[in-house]
$ cat input-v3.cif   # mmCIF, C-alpha atoms and all ligand atoms
data_work
#
loop_
_atom_site.label_atom_id
_atom_site.label_comp_id
_atom_site.auth_asym_id
_atom_site.auth_seq_id
_atom_site.Cartn_x
_atom_site.Cartn_y
_atom_site.Cartn_z
CA MET A 1 3.22 5.44 41.27
CA LYS A 2 3.60 5.58 37.52
CA ILE A 3 6.45 3.26 36.57
CA ILE A 4 7.22 3.78 32.93
CA ALA A 5 10.08 4.80 30.68
CA LYS A 6 9.79 8.37 29.39
CA HIS A 7 9.75 7.26 25.76
CA SER A 8 6.77 4.96 26.45
CA GLU A 9 4.49 7.56 27.96
CA GLY A 10 1.27 8.37 26.15
CA LYS A 11 1.65 5.68 23.51
CA MET A 12 -1.66 4.17 22.58
CA LEU A 13 -3.26 2.53 19.55
CA LYS A 14 -5.99 4.65 18.00
CA ASN A 15 -8.41 3.40 15.37
CA ASP A 16 -6.37 0.22 15.12
CA VAL A 17 -7.87 -2.35 12.76
CA PHE A 18 -7.63 -5.16 15.28
CA GLN A 19 -9.53 -3.12 17.90
CA ILE A 20 -12.30 -2.12 15.47
CA SER A 21 -12.49 -5.68 14.26
CA GLU A 22 -13.17 -6.86 17.85
CA GLN A 23 -16.15 -4.46 18.01
CA ALA A 24 -17.43 -5.76 14.68
CA LYS A 25 -17.10 -9.37 15.81
CA ALA A 26 -18.99 -8.62 19.04
CA ALA A 27 -21.79 -6.91 17.04
CA LYS A 28 -21.97 -9.89 14.67
CA LEU A 29 -22.43 -12.28 17.58
CA ILE A 30 -25.61 -10.38 18.48
CA ASN A 31 -26.75 -9.84 14.90
CA PRO A 32 -25.44 -12.27 12.26
CA ASN A 33 -26.46 -9.85 9.49
CA VAL A 34 -23.78 -7.38 10.57
CA ILE A 35 -21.32 -6.58 7.77
CA ASP A 36 -17.77 -6.82 9.06
CA ALA A 37 -15.50 -5.32 6.40
CA THR A 38 -12.72 -4.41 8.82
CA VAL A 39 -9.87 -6.88 8.59
CA GLY A 40 -7.53 -7.30 5.65
CA ALA A 41 -7.84 -11.07 5.45
CA PHE A 42 -9.33 -13.09 2.63
CA TYR A 43 -12.62 -14.87 3.38
CA ASP A 44 -14.38 -17.38 1.12
CA GLU A 45 -17.91 -17.17 -0.25
CA LYS A 46 -19.22 -19.00 2.83
CA GLY A 47 -17.87 -16.26 5.04
CA LYS A 48 -15.02 -18.40 6.40
CA LEU A 49 -11.34 -17.43 6.56
CA TYR A 50 -9.89 -18.74 3.30
CA LYS A 51 -7.18 -21.33 3.47
CA TYR A 52 -5.20 -22.79 0.63
CA LYS A 53 -5.55 -26.58 0.66
CA VAL A 54 -1.97 -27.13 -0.54
CA ILE A 55 -0.53 -24.90 2.18
CA ASP A 56 -2.72 -26.48 4.83
CA LYS A 57 -1.57 -29.95 3.80
CA ILE A 58 2.12 -29.02 3.78
CA LEU A 59 1.86 -27.39 7.20
CA LYS A 60 0.00 -30.32 8.74
CA LYS A 61 2.48 -32.85 7.38
CA LEU A 62 5.61 -31.09 8.57
CA PRO A 63 7.73 -33.29 10.82
CA ASP A 64 7.84 -32.15 14.47
CA GLU A 65 11.42 -30.99 14.03
CA GLU A 66 10.35 -28.55 11.29
CA PHE A 67 7.19 -27.43 13.04
CA TYR A 68 8.13 -26.89 16.66
CA SER A 69 11.83 -26.14 16.59
CA TYR A 70 13.61 -22.78 16.58
CA ALA A 71 14.42 -21.37 13.17
CA SER A 72 17.70 -19.53 12.69
CA THR A 73 17.45 -15.75 13.02
CA SER A 74 18.18 -15.16 9.33
CA GLY A 75 15.65 -17.83 8.36
CA GLY A 76 18.37 -20.05 6.87
CA SER A 77 19.62 -20.44 3.31
CA ALA A 78 16.75 -22.68 2.13
CA TYR A 79 14.21 -20.08 3.26
CA ARG A 80 16.20 -17.29 1.65
CA GLU A 81 16.32 -19.21 -1.66
CA ALA A 82 12.62 -20.04 -1.55
CA VAL A 83 11.59 -16.45 -0.77
CA LEU A 84 13.88 -14.96 -3.44
CA ASN A 85 12.44 -17.43 -5.97
CA TRP A 86 8.89 -16.65 -4.88
CA VAL A 87 9.21 -12.87 -4.77
CA PHE A 88 11.22 -12.27 -7.94
CA LYS A 89 10.22 -15.33 -10.01
CA ASP A 90 11.66 -14.97 -13.54
CA LYS A 91 13.19 -11.58 -12.67
CA ARG A 92 15.45 -13.08 -10.00
CA GLU A 93 18.46 -13.91 -12.10
CA SER A 94 18.90 -10.60 -13.88
CA LEU A 95 18.04 -8.54 -10.79
CA LEU A 96 20.50 -10.33 -8.56
CA GLN A 97 23.17 -10.10 -11.21
CA ALA A 98 22.77 -6.34 -11.22
CA LYS A 99 22.40 -5.89 -7.43
CA LYS A 100 23.89 -7.24 -4.23
CA TYR A 101 21.45 -8.28 -1.54
CA ALA A 102 21.02 -8.88 2.18
CA PHE A 103 18.20 -10.98 3.59
CA VAL A 104 16.57 -11.65 6.92
CA ALA A 105 13.44 -13.50 8.02
CA THR A 106 10.95 -11.27 9.81
CA PRO A 107 7.65 -11.76 11.65
CA GLY A 108 5.39 -10.75 8.76
CA GLY A 109 5.78 -7.75 6.54
CA THR A 110 5.44 -5.68 9.72
CA GLY A 111 8.75 -7.06 10.95
CA ALA A 112 10.39 -6.26 7.61
CA ILE A 113 9.21 -2.66 7.74
CA PHE A 114 10.31 -2.35 11.34
CA ASN A 115 13.74 -3.76 10.49
CA SER A 116 14.12 -1.33 7.58
CA LEU A 117 13.01 1.75 9.51
CA TYR A 118 15.09 0.86 12.53
CA ASN A 119 18.23 0.52 10.47
CA SER A 120 17.79 3.46 8.15
CA LEU A 121 16.80 6.41 10.33
CA ASP A 122 18.05 7.88 13.60
CA LYS A 123 15.85 9.28 16.36
CA GLY A 124 14.41 12.67 15.43
CA GLU A 125 14.81 12.12 11.69
CA THR A 126 11.90 12.24 9.27
CA LEU A 127 10.18 9.52 7.25
CA LEU A 128 8.34 10.42 4.05
CA LEU A 129 4.86 8.93 3.64
CA PRO A 130 1.89 9.58 1.38
CA ASN A 131 -1.08 11.31 3.03
CA ILE A 132 -3.04 8.08 3.00
CA TYR A 133 -1.28 4.99 4.31
CA TRP A 134 -1.43 1.86 6.46
CA GLY A 135 -1.64 3.16 10.05
CA PRO A 136 1.16 1.05 11.58
CA TYR A 137 3.78 2.92 9.50
CA ALA A 138 3.22 6.06 11.55
CA ASN A 139 2.94 4.10 14.81
CA MET A 140 6.27 2.39 14.11
CA ALA A 141 7.79 5.77 13.31
CA SER A 142 6.51 7.30 16.53
CA ASP A 143 7.67 4.27 18.53
CA GLN A 144 11.18 4.89 17.18
CA ASP A 145 10.96 8.66 17.82
CA LEU A 146 10.86 9.45 14.13
CA LYS A 147 8.89 12.26 12.54
CA VAL A 148 6.64 11.82 9.52
CA LEU A 149 6.19 14.21 6.62
CA GLU A 150 3.37 13.53 4.18
CA TYR A 151 2.86 14.30 0.51
CA SER A 152 -0.47 14.26 -1.22
CA MET A 153 -0.52 10.84 -2.90
CA PHE A 154 -2.78 11.58 -5.85
CA LYS A 155 -2.95 14.19 -8.52
CA LYS A 156 -6.32 13.47 -10.08
CA ASP A 157 -6.19 9.68 -10.51
CA SER A 158 -2.40 9.34 -10.79
CA PHE A 159 0.56 9.15 -8.42
CA ASN A 160 1.60 12.68 -7.51
CA ILE A 161 5.33 12.57 -8.29
CA GLU A 162 5.64 16.37 -8.04
CA GLY A 163 4.18 16.27 -4.50
CA PHE A 164 6.55 13.42 -3.61
CA ILE A 165 9.58 15.34 -4.87
CA GLU A 166 8.56 18.59 -3.17
CA LYS A 167 8.41 16.94 0.28
CA ALA A 168 11.47 14.77 -0.39
CA GLU A 169 13.45 17.93 -1.10
CA GLU A 170 12.33 19.44 2.21
CA ILE A 171 13.54 16.37 4.07
CA ILE A 172 16.84 16.15 2.20
CA GLU A 173 17.49 19.81 2.88
CA LYS A 174 17.24 19.10 6.62
CA GLN A 175 18.87 15.68 7.06
CA ASN A 176 20.61 14.86 3.78
CA LYS A 177 18.91 11.48 3.72
CA LEU A 178 15.61 10.28 2.32
CA VAL A 179 13.67 7.28 3.61
CA THR A 180 10.21 6.53 2.27
CA ILE A 181 7.73 3.65 2.28
CA ILE A 182 5.75 2.85 -0.84
CA ASN A 183 3.08 0.18 -0.60
CA ASP A 184 2.57 -1.12 -4.10
CA PRO A 185 0.86 -2.80 -5.90
CA CYS A 186 -2.67 -2.94 -4.43
CA HIS A 187 -2.03 -0.05 -2.04
CA ASN A 188 -3.64 -0.32 1.38
CA PRO A 189 -6.07 1.43 1.81
CA THR A 190 -6.89 2.78 -1.67
CA GLY A 191 -6.33 -0.21 -3.97
CA TYR A 192 -4.13 1.92 -6.24
CA THR A 193 -1.32 0.28 -8.22
CA MET A 194 1.38 2.57 -9.51
CA LYS A 195 2.03 2.65 -13.21
CA GLU A 196 5.50 1.33 -13.98
CA GLU A 197 6.59 4.76 -15.17
CA GLU A 198 5.44 6.27 -11.85
CA LEU A 199 7.64 3.90 -9.88
CA ALA A 200 10.44 4.53 -12.39
CA SER A 201 10.17 8.27 -11.73
CA VAL A 202 10.67 7.67 -7.99
CA ILE A 203 13.87 5.72 -8.70
CA GLU A 204 14.97 8.31 -11.24
CA TYR A 205 14.51 11.08 -8.67
CA MET A 206 16.49 9.14 -6.05
CA ASN A 207 19.26 8.47 -8.58
CA SER A 208 19.45 12.20 -9.29
CA LYS A 209 20.34 12.89 -5.61
CA LYS A 210 23.77 11.38 -6.11
CA ASN A 211 25.32 12.40 -2.77
CA THR A 212 22.23 11.76 -0.70
CA PRO A 213 21.52 8.29 0.70
CA CYS A 214 18.00 7.30 -0.32
CA VAL A 215 16.08 4.29 1.00
CA LEU A 216 12.96 3.01 -0.70
CA ILE A 217 11.07 0.61 1.54
CA TYR A 218 8.92 -1.16 -1.01
CA ASP A 219 6.06 -2.89 0.79
CA ILE A 220 4.69 -5.68 -1.41
CA ALA A 221 2.24 -7.15 1.14
CA TYR A 222 -0.53 -7.50 -1.48
CA MET A 223 1.52 -8.11 -4.64
CA ASP A 224 0.26 -11.66 -5.06
CA PHE A 225 -3.31 -10.36 -5.29
CA SER A 226 -2.53 -8.08 -8.21
CA PHE A 227 -4.79 -8.82 -11.19
CA ASN A 228 -1.88 -8.01 -13.49
CA SER A 229 0.07 -11.09 -14.58
CA THR A 230 3.13 -8.98 -15.49
CA ILE A 231 3.25 -7.16 -12.15
CA ARG A 232 6.76 -8.44 -11.39
CA ASN A 233 8.20 -6.60 -14.41
CA ARG A 234 8.53 -3.60 -12.10
CA PHE A 235 11.30 -5.34 -10.16
CA SER A 236 13.52 -4.79 -13.21
CA LEU A 237 13.36 -1.05 -12.47
CA PHE A 238 15.44 -1.69 -9.35
CA LYS A 239 18.38 -2.73 -11.53
CA ASP A 240 18.76 0.94 -12.46
CA ALA A 241 18.87 2.19 -8.86
CA GLY A 242 22.05 4.21 -8.28
CA GLU A 243 24.91 3.72 -5.79
CA ASN A 244 23.16 6.06 -3.35
CA VAL A 245 19.92 4.05 -3.36
CA LEU A 246 19.07 1.17 -1.07
CA ILE A 247 15.88 -0.71 -1.73
CA SER A 248 14.30 -2.71 1.03
CA ILE A 249 11.57 -5.04 -0.13
CA ALA A 250 9.16 -5.94 2.66
CA PHE A 251 7.79 -9.40 1.88
CA SER A 252 4.77 -10.70 3.76
CA GLY A 253 3.56 -14.29 3.59
CA SER A 254 0.36 -13.40 5.45
CA LYS A 255 -1.93 -12.60 2.51
CA THR A 256 -0.01 -14.56 -0.14
CA PHE A 257 -0.33 -17.90 1.65
CA SER A 258 -3.27 -17.01 3.92
CA VAL A 259 -1.13 -17.65 7.00
CA TYR A 260 -1.79 -14.37 8.81
CA GLY A 261 -1.20 -15.59 12.33
CA LEU A 262 1.95 -17.56 11.53
CA ARG A 263 3.93 -14.33 11.09
CA MET A 264 5.81 -15.11 7.92
CA GLY A 265 7.91 -12.45 6.22
CA ALA A 266 11.31 -11.24 5.12
CA ALA A 267 13.26 -8.09 4.41
CA ILE A 268 15.23 -8.19 1.16
CA TYR A 269 17.67 -5.32 0.79
CA LEU A 270 19.09 -4.52 -2.65
CA GLY A 271 22.10 -2.26 -3.11
CA SER A 272 25.25 -1.76 -5.15
CA ASP A 273 28.12 -1.92 -2.69
CA LYS A 274 29.14 -5.49 -1.85
CA GLU A 275 31.06 -4.59 1.29
CA PHE A 276 28.23 -2.47 2.63
CA LEU A 277 25.65 -5.18 1.93
CA ASN A 278 27.81 -7.66 3.89
CA GLU A 279 27.88 -5.25 6.80
CA LEU A 280 24.13 -4.73 6.47
CA GLN A 281 23.57 -8.50 6.54
CA ALA A 282 25.17 -8.62 9.98
CA ILE A 283 23.22 -5.59 11.18
CA ILE A 284 19.76 -6.74 10.10
CA THR A 285 20.36 -10.19 11.58
CA PHE A 286 21.42 -8.53 14.84
CA THR A 287 18.16 -6.53 14.83
CA GLY A 288 16.18 -9.73 14.35
CA ARG A 289 17.96 -11.53 17.17
CA THR A 290 17.56 -8.66 19.60
CA HIS A 291 13.91 -7.86 18.81
CA TRP A 292 12.21 -11.19 18.15
CA SER A 293 15.02 -13.75 18.23
CA ASN A 294 13.78 -15.77 15.26
CA CYS A 295 10.60 -16.39 13.30
CA THR A 296 8.07 -19.22 13.33
CA ALA A 297 9.65 -22.35 11.84
CA ALA A 298 6.46 -23.84 10.32
CA PRO A 299 5.85 -21.27 7.51
CA ILE A 300 9.59 -21.15 6.84
CA ASN A 301 9.62 -24.88 6.19
CA MET A 302 6.31 -24.67 4.34
CA ILE A 303 7.66 -22.36 1.61
CA VAL A 304 10.87 -24.40 1.40
CA GLU A 305 8.72 -27.45 0.60
CA LEU A 306 6.63 -25.49 -1.92
CA ASP A 307 9.83 -24.29 -3.60
CA LYS A 308 11.19 -27.82 -3.92
CA LYS A 309 8.03 -29.54 -5.19
CA PRO A 310 6.84 -28.34 -8.63
CA LYS A 311 3.55 -30.25 -8.41
CA LYS A 312 2.64 -28.63 -5.09
CA TYR A 313 3.72 -25.27 -6.48
CA SER A 314 1.52 -25.58 -9.57
CA ASP A 315 -1.46 -26.83 -7.51
CA PHE A 316 -1.02 -23.84 -5.25
CA MET A 317 -0.90 -21.43 -8.21
CA LYS A 318 -4.25 -22.82 -9.41
CA GLN A 319 -5.76 -22.05 -6.01
CA VAL A 320 -4.30 -18.54 -6.11
CA VAL A 321 -6.02 -17.92 -9.44
CA TYR A 322 -9.31 -19.07 -7.92
CA ALA A 323 -8.95 -16.67 -4.96
CA MET A 324 -8.07 -13.81 -7.31
CA GLU A 325 -11.12 -14.45 -9.44
CA MET A 326 -13.30 -14.28 -6.32
CA LEU A 327 -11.68 -11.01 -5.32
CA LYS A 328 -12.10 -9.55 -8.80
CA GLU A 329 -15.80 -10.40 -8.85
CA ARG A 330 -16.28 -8.69 -5.49
CA ALA A 331 -14.41 -5.61 -6.63
CA ASP A 332 -16.46 -5.41 -9.83
CA ILE A 333 -19.72 -5.52 -7.89
CA PHE A 334 -18.67 -2.80 -5.46
CA VAL A 335 -17.13 -0.51 -8.07
CA SER A 336 -20.10 -0.72 -10.44
CA GLU A 337 -22.64 -0.19 -7.64
CA ALA A 338 -20.60 2.74 -6.32
CA LYS A 339 -20.81 4.31 -9.77
CA GLU A 340 -24.56 3.69 -10.01
CA ASN A 341 -25.09 5.33 -6.63
CA GLY A 342 -22.75 8.28 -7.08
CA LEU A 343 -20.36 7.08 -4.36
CA SER A 344 -16.86 8.27 -5.21
CA HIS A 345 -13.79 6.43 -4.01
CA TYR A 346 -10.00 6.69 -4.37
CA PRO A 347 -8.69 5.32 -7.69
CA TYR A 348 -9.07 1.58 -7.21
CA VAL A 349 -7.06 -0.68 -9.48
CA GLU A 350 -6.93 -3.96 -7.55
CA GLY A 351 -6.45 -5.55 -4.17
CA PHE A 352 -8.17 -6.07 -0.85
CA PHE A 353 -9.57 -2.60 -0.14
CA ILE A 354 -11.65 0.21 -1.59
CA THR A 355 -11.59 3.53 0.25
CA ILE A 356 -14.16 6.28 0.25
CA PRO A 357 -13.23 9.82 1.24
CA CYS A 358 -15.86 11.56 3.37
CA ASN A 359 -16.42 14.44 5.76
CA ASN A 360 -17.72 14.14 9.32
CA LEU A 361 -16.04 10.78 9.75
CA GLU A 362 -17.29 10.17 13.28
CA LYS A 363 -20.91 10.69 12.28
CA VAL A 364 -20.44 8.54 9.19
CA ILE A 365 -19.03 5.70 11.33
CA LYS A 366 -21.93 6.02 13.76
CA ASN A 367 -24.49 5.93 10.94
CA LEU A 368 -22.77 2.91 9.44
CA ASN A 369 -22.67 1.08 12.77
CA ASP A 370 -26.36 1.89 13.35
CA ASP A 371 -27.02 0.20 10.01
CA GLY A 372 -24.93 -2.83 11.06
CA ILE A 373 -21.89 -1.99 8.90
CA TYR A 374 -18.35 -1.96 10.29
CA LEU A 375 -15.61 -0.32 8.21
CA VAL A 376 -12.23 1.05 9.21
CA PRO A 377 -11.85 4.83 9.47
CA VAL A 378 -8.68 6.08 7.82
CA LYS A 379 -7.80 9.75 7.58
CA GLY A 380 -10.89 11.49 6.19
CA ALA A 381 -12.16 8.27 4.67
CA VAL A 382 -13.63 4.84 5.32
CA ARG A 383 -12.00 1.64 4.11
CA VAL A 384 -14.05 -1.31 2.85
CA ALA A 385 -12.22 -4.64 3.07
CA ILE A 386 -13.88 -6.35 0.10
CA CYS A 387 -11.49 -9.25 0.71
CA SER A 388 -13.49 -10.31 3.78
CA LEU A 389 -17.01 -10.00 2.33
CA THR A 390 -18.99 -12.44 0.23
CA LYS A 391 -20.45 -11.25 -3.05
CA VAL A 392 -23.91 -11.36 -1.46
CA ALA A 393 -22.77 -9.11 1.39
CA ILE A 394 -21.27 -6.65 -1.07
CA GLN A 395 -24.50 -6.32 -3.05
CA GLY A 396 -26.24 -3.13 -1.94
CA LEU A 397 -23.34 -2.06 0.29
CA ALA A 398 -22.27 0.94 -1.81
CA LYS A 399 -25.79 2.36 -1.60
CA ARG A 400 -25.91 1.94 2.18
CA ILE A 401 -22.52 3.62 2.59
CA LYS A 402 -23.69 6.50 0.40
CA THR A 403 -26.78 6.91 2.60
CA ALA A 404 -24.66 6.91 5.79
CA ILE A 405 -22.39 9.61 4.32
CA ASP A 406 -25.29 11.74 3.06
CA LEU A 407 -27.02 11.58 6.45
CA ALA A 408 -23.85 12.78 8.18
CA ASN A 409 -23.31 15.77 5.91
C1 LIG B 501 0.17 -2.26 3.78
C2 LIG B 501 0.56 -3.40 4.63
N1 LIG B 501 1.86 -3.66 4.76
C3 LIG B 501 2.28 -4.68 5.51
C4 LIG B 501 1.40 -5.49 6.17
C5 LIG B 501 2.02 -6.55 7.00
O1 LIG B 501 1.33 -7.63 7.29
P1 LIG B 501 1.94 -8.81 8.15
O2 LIG B 501 2.80 -8.25 9.20
O3 LIG B 501 0.75 -9.53 8.66
O4 LIG B 501 2.70 -9.65 7.19
C6 LIG B 501 0.03 -5.25 6.08
C7 LIG B 501 -0.96 -6.04 6.82
O5 LIG B 501 -2.09 -5.74 7.00
C8 LIG B 501 -0.40 -4.17 5.28
O6 LIG B 501 -1.70 -3.88 5.14
#

$ encode --input "input-v3.cif" --output "C-alpha cells" --more "lines below"
Ligand SMILES: Cc1ncc(COP(=O)(O)O)c(C=O)c1O
Amino acid sequence: MKIIAKHSEGKMLKNDVFQISEQAKAAKLINPNVIDATVGAFYDEKGKLYKYKVIDKILKKLPDEEFYSYASTSGGSAYREAVLNWVFKDKRESLLQAKKYAFVATPGGTGAIFNSLYNSLDKGETLLLPNIYWGPYANMASDQDLKVLEYSMFKKDSFNIEGFIEKAEEIIEKQNKLVTIINDPCHNPTGYTMKEEELASVIEYMNSKKNTPCVLIYDIAYMDFSFNSTIRNRFSLFKDAGENVLISIAFSGSKTFSVYGLRMGAAIYLGSDKEFLNELQAIITFTGRTHWSNCTAAPINMIVELDKKPKKYSDFMKQVVYAMEMLKERADIFVSEAKENGLSHYPYVEGFFITIPCNNLEKVIKNLNDDGIYLVPVKGAVRVAICSLTKVAIQGLAKRIKTAIDLAN
C-alpha cells in the first residue's frame, strides 16, 4: 500500500549537487586524480575544505551553554545586531533610517529563501526566475505548489531587463503580485554580478507598479566573495524602494564563514510600513518555529563574538582577503585557458562558479566522467566549481572540457 500525502507524490531530487558530489567522491576514492568540481564549497590549495582559523578558534572556545543550548527562534537581538552589522557594514545606518525591517534566523540561506517564498506567495501563484538559476529555487517552489516563469537572464553579456519586465508583466496581469529571486553578486551558476544600474532598473520597475505588491528576494549567498570592495554600495539602492516593494535579503553564513554544515543564515526584510513590518516579524518567526524550531546556537554565538571583538574581526578580514586572492587566481587561470581553447562560457565576473553552455548535455557529462572530471549539469550547461579546485587541478581543465563537448557534438 502506498501511504503518502497527495502533495508529496512524485517529488524527487534530480541532478542535485549533493547527489552528484557523492558520485564524484566515490570516483575519487578509486582514482585520486579525479577532478571533483561539483560542490560550492571553498577548498584550499592542498585540496582540503578551507576553514578560517579565527572562526575555528571562536567556535572551539564557546562555552557549553553557547554551543549546545537551544537558540531562540528569531536568533536573539545580539545575533540580529551582528548580522545587520556584517551584512550592511557602513551602509547600515542610512539604510535602516530609510527602511523598517524584520529579521529572523534561518538554517542557511536556504532557510531564508524558504521563509520568504512561503510568506509571499499562495499555492498556485507564480514565481519569476531567470532561465539559469540555483536548482533548489524551483524545487522549493514546486514543494510549495508554486509555478515558475522564467525570463532569459542575459542579453549579450548584460542583464536582460527587458526580458525581466516582459515576464513580470505577464505575472502581474494574472495575479497582481510579483515575487522574484535575484542571486547577486557572484550569481550561481554563472558568476555574473549585476551592474548597479541593472539592479537599480529592477527596483525602478517595481516602484513603477505602484498598486502591485512586489517582493525582491535578494540572495546574497556569495556576496563576501565578490572581488569588488565597494559591492555593498548597492544596498543603498534599496532606500529608494517604494511603498509597494518588500525586499527580503537572504543571508547565508555558509560560504562567508566556511561553516556550511552549521546552517547559519537569516532573512532580513526591508519595507516602508512600520505596522506591516511588525506583523511580518511575528509571521516570519512563526514560520521558523513551525518549520525548524530554531537554528544552531554555535554559529549564532560565533558571529556575536566576532561582532564584539575588533581584533578578531580584523584578523578574520585578513583571512578573507587571502581566500579571495586564491579564488581570483583560480578564476584567472580558467578564464584565460578557456579563451585560449575557444571554450565559451556565461559572462563571468567573480565568485565560485564558471558555467559553460553546451548541447547534448548527457553525452558531455559522460565524456567528462570518462575523463575523470565531475561537473554539475545545469540547464543546457555544465558548472565548474572553481572554488573547490586547486590551481594545479584547474590547469588544463578548460581544454579537457572543450574536448568533451566537441566529442559529444
Ligand atoms: C545561490 C545560492 N543561494 C543560497 C544558497 C544557500 O546556502 P546555505 O543554505 O548553505 O546557506 C546557496 C548554496 O549553495 C546558493 O548556491

$ residues_near_ligand --input "input-v3.cif" --ligand "ligand LIG 501 (chain B)" --cutoff "10 Å" --atoms "all atoms listed in the file" --output "VMD selection string"
chain A and resid 17 to 18 39 to 41 106 to 114 133 to 137 181 to 189 218 to 222 250 to 256 258 to 266 352 to 353

$ closest_residue --input "input-v3.cif" --among "A:Met326, A:Leu277, A:Lys91, A:Leu129" --to "Arg232 (chain A)" --atoms "all atoms listed in the file"
A:Lys91

$ closest_residue --input "input-v3.cif" --among "A:Ser69, A:Thr296, A:Ser158, A:Thr287" --to "Leu117 (chain A)" --atoms "only C-alpha atoms"
A:Thr287

$ closest_residue --input "input-v3.cif" --among "A:Ser208, A:Ser142, A:Thr193, A:Ser8" --to "Tyr348 (chain A)" --atoms "only C-alpha atoms"
A:Thr193

$ closest_atom_pairs --input "input-v3.cif" --of "region 89-156 of chain A" --to "region 168-175 of chain A" --cutoff "9 Å" --atoms "all atoms listed in the file" --output "CSV"
residue,atom,partner,partner_atom,distance
A:Glu125,CA,A:Gln175,CA,7.1
A:Thr126,CA,A:Ile171,CA,6.8
A:Leu127,CA,A:Ile171,CA,8.3
A:Leu128,CA,A:Ala168,CA,7.0
A:Leu149,CA,A:Ile171,CA,8.1
A:Tyr151,CA,A:Ala168,CA,8.7

$ closest_residue --input "input-v3.cif" --among "A:Lys99, A:Lys167, A:His345, A:Lys123" --to "Glu243 (chain A)" --atoms "all atoms listed in the file"
A:Lys99

$ atom_distance --input "input-v3.cif" --atom1 "CA of Ala404 (chain A)" --atom2 "CA of Asn359 (chain A)"
11.2 Å

$ closest_residue --input "input-v3.cif" --among "A:Ile354, A:Met12, A:Ala102, A:Ala138" --to "Thr190 (chain A)" --atoms "only C-alpha atoms"
A:Ile354

$ residues_around --input "input-v3.cif" --residues "Tyr50 (chain A)" --least-positions-apart "6" --cutoff "10 Å" --atoms "only C-alpha atoms" --output "compact mmCIF listing (two decimals) with C-alpha atoms, keeping the file's coordinate frame"
# COMPACT_ATOMS: atom_id res chain seq x y z
CA ALA A 41 -7.84 -11.07 5.45
CA PHE A 42 -9.33 -13.09 2.63
CA TYR A 43 -12.62 -14.87 3.38
CA ASP A 44 -14.38 -17.38 1.12
CA PHE A 257 -0.33 -17.90 1.65
CA SER A 258 -3.27 -17.01 3.92
CA VAL A 259 -1.13 -17.65 7.00
CA ALA A 323 -8.95 -16.67 -4.96
CA CYS A 387 -11.49 -9.25 0.71
CA SER A 388 -13.49 -10.31 3.78

$ closest_residue --input "input-v3.cif" --among "A:Val87, A:Leu29, A:Ala141, A:Leu59" --to "Ile268 (chain A)" --atoms "all atoms listed in the file"
A:Val87

$ atom_distance --input "input-v3.cif" --atom1 "CA of Gln23 (chain A)" --atom2 "CA of Tyr52 (chain A)"
27.5 Å

$ atom_distance --input "input-v3.cif" --atom1 "CA of Gln144 (chain A)" --atom2 "CA of Val179 (chain A)"
14.0 Å

$ residues_around --input "input-v3.cif" --residues "Phe88 (chain A)" --least-positions-apart "3" --cutoff "12 Å" --atoms "all atoms listed in the file" --output "CSV table (one decimal) with C-alpha atoms, in the coordinates of the input"
chain,number,residue,atom,x,y,z
A,80,ARG,CA,16.2,-17.3,1.6
A,81,GLU,CA,16.3,-19.2,-1.7
A,82,ALA,CA,12.6,-20.0,-1.6
A,83,VAL,CA,11.6,-16.4,-0.8
A,84,LEU,CA,13.9,-15.0,-3.4
A,85,ASN,CA,12.4,-17.4,-6.0
A,91,LYS,CA,13.2,-11.6,-12.7
A,92,ARG,CA,15.4,-13.1,-10.0
A,93,GLU,CA,18.5,-13.9,-12.1
A,94,SER,CA,18.9,-10.6,-13.9
A,95,LEU,CA,18.0,-8.5,-10.8
A,96,LEU,CA,20.5,-10.3,-8.6
A,220,ILE,CA,4.7,-5.7,-1.4
A,223,MET,CA,1.5,-8.1,-4.6
A,224,ASP,CA,0.3,-11.7,-5.1
A,230,THR,CA,3.1,-9.0,-15.5
A,231,ILE,CA,3.2,-7.2,-12.2
A,232,ARG,CA,6.8,-8.4,-11.4
A,233,ASN,CA,8.2,-6.6,-14.4
A,234,ARG,CA,8.5,-3.6,-12.1
A,235,PHE,CA,11.3,-5.3,-10.2
A,236,SER,CA,13.5,-4.8,-13.2
A,238,PHE,CA,15.4,-1.7,-9.4
A,249,ILE,CA,11.6,-5.0,-0.1
A,251,PHE,CA,7.8,-9.4,1.9
A,268,ILE,CA,15.2,-8.2,1.2

$ residues_around --input "input-v3.cif" --residues "Ile373 (chain A)" --least-positions-apart "5" --cutoff "9 Å" --atoms "all atoms listed in the file" --output "list in words"
Ala24, Val34, Ile35, Asp36, Ala37, Ile365, Asn367, Leu368, Leu397, Arg400 and Ile401 of chain A

$ write_last_selection --input "input-v3.cif" --atoms "C-alpha atoms" --output "mmCIF file, keeping the file's coordinate frame"
data_model
loop_
_atom_site.group_PDB
_atom_site.id
_atom_site.type_symbol
_atom_site.label_atom_id
_atom_site.label_comp_id
_atom_site.auth_asym_id
_atom_site.auth_seq_id
_atom_site.Cartn_x
_atom_site.Cartn_y
_atom_site.Cartn_z
ATOM 1 C CA ALA A 24 -17.430 -5.760 14.680
ATOM 2 C CA VAL A 34 -23.780 -7.380 10.570
ATOM 3 C CA ILE A 35 -21.320 -6.580 7.770
ATOM 4 C CA ASP A 36 -17.770 -6.820 9.060
ATOM 5 C CA ALA A 37 -15.500 -5.320 6.400
ATOM 6 C CA ILE A 365 -19.030 5.700 11.330
ATOM 7 C CA ASN A 367 -24.490 5.930 10.940
ATOM 8 C CA LEU A 368 -22.770 2.910 9.440
ATOM 9 C CA LEU A 397 -23.340 -2.060 0.290
ATOM 10 C CA ARG A 400 -25.910 1.940 2.180
ATOM 11 C CA ILE A 401 -22.520 3.620 2.590
#

$ residues_around --input "input-v3.cif" --residues "Ile58 (chain A)" --least-positions-apart "3" --cutoff "12 Å" --atoms "only C-alpha atoms" --output "list in words"
Tyr52, Lys53, Val54, Ile55, Lys61, Leu62, Pro63, Glu66, Phe67, Phe257, Ala298, Pro299, Ile300, Asn301, Met302, Ile303, Val304, Glu305, Leu306, Asp307, Lys308, Lys309, Lys312, Tyr313 and Phe316 of chain A
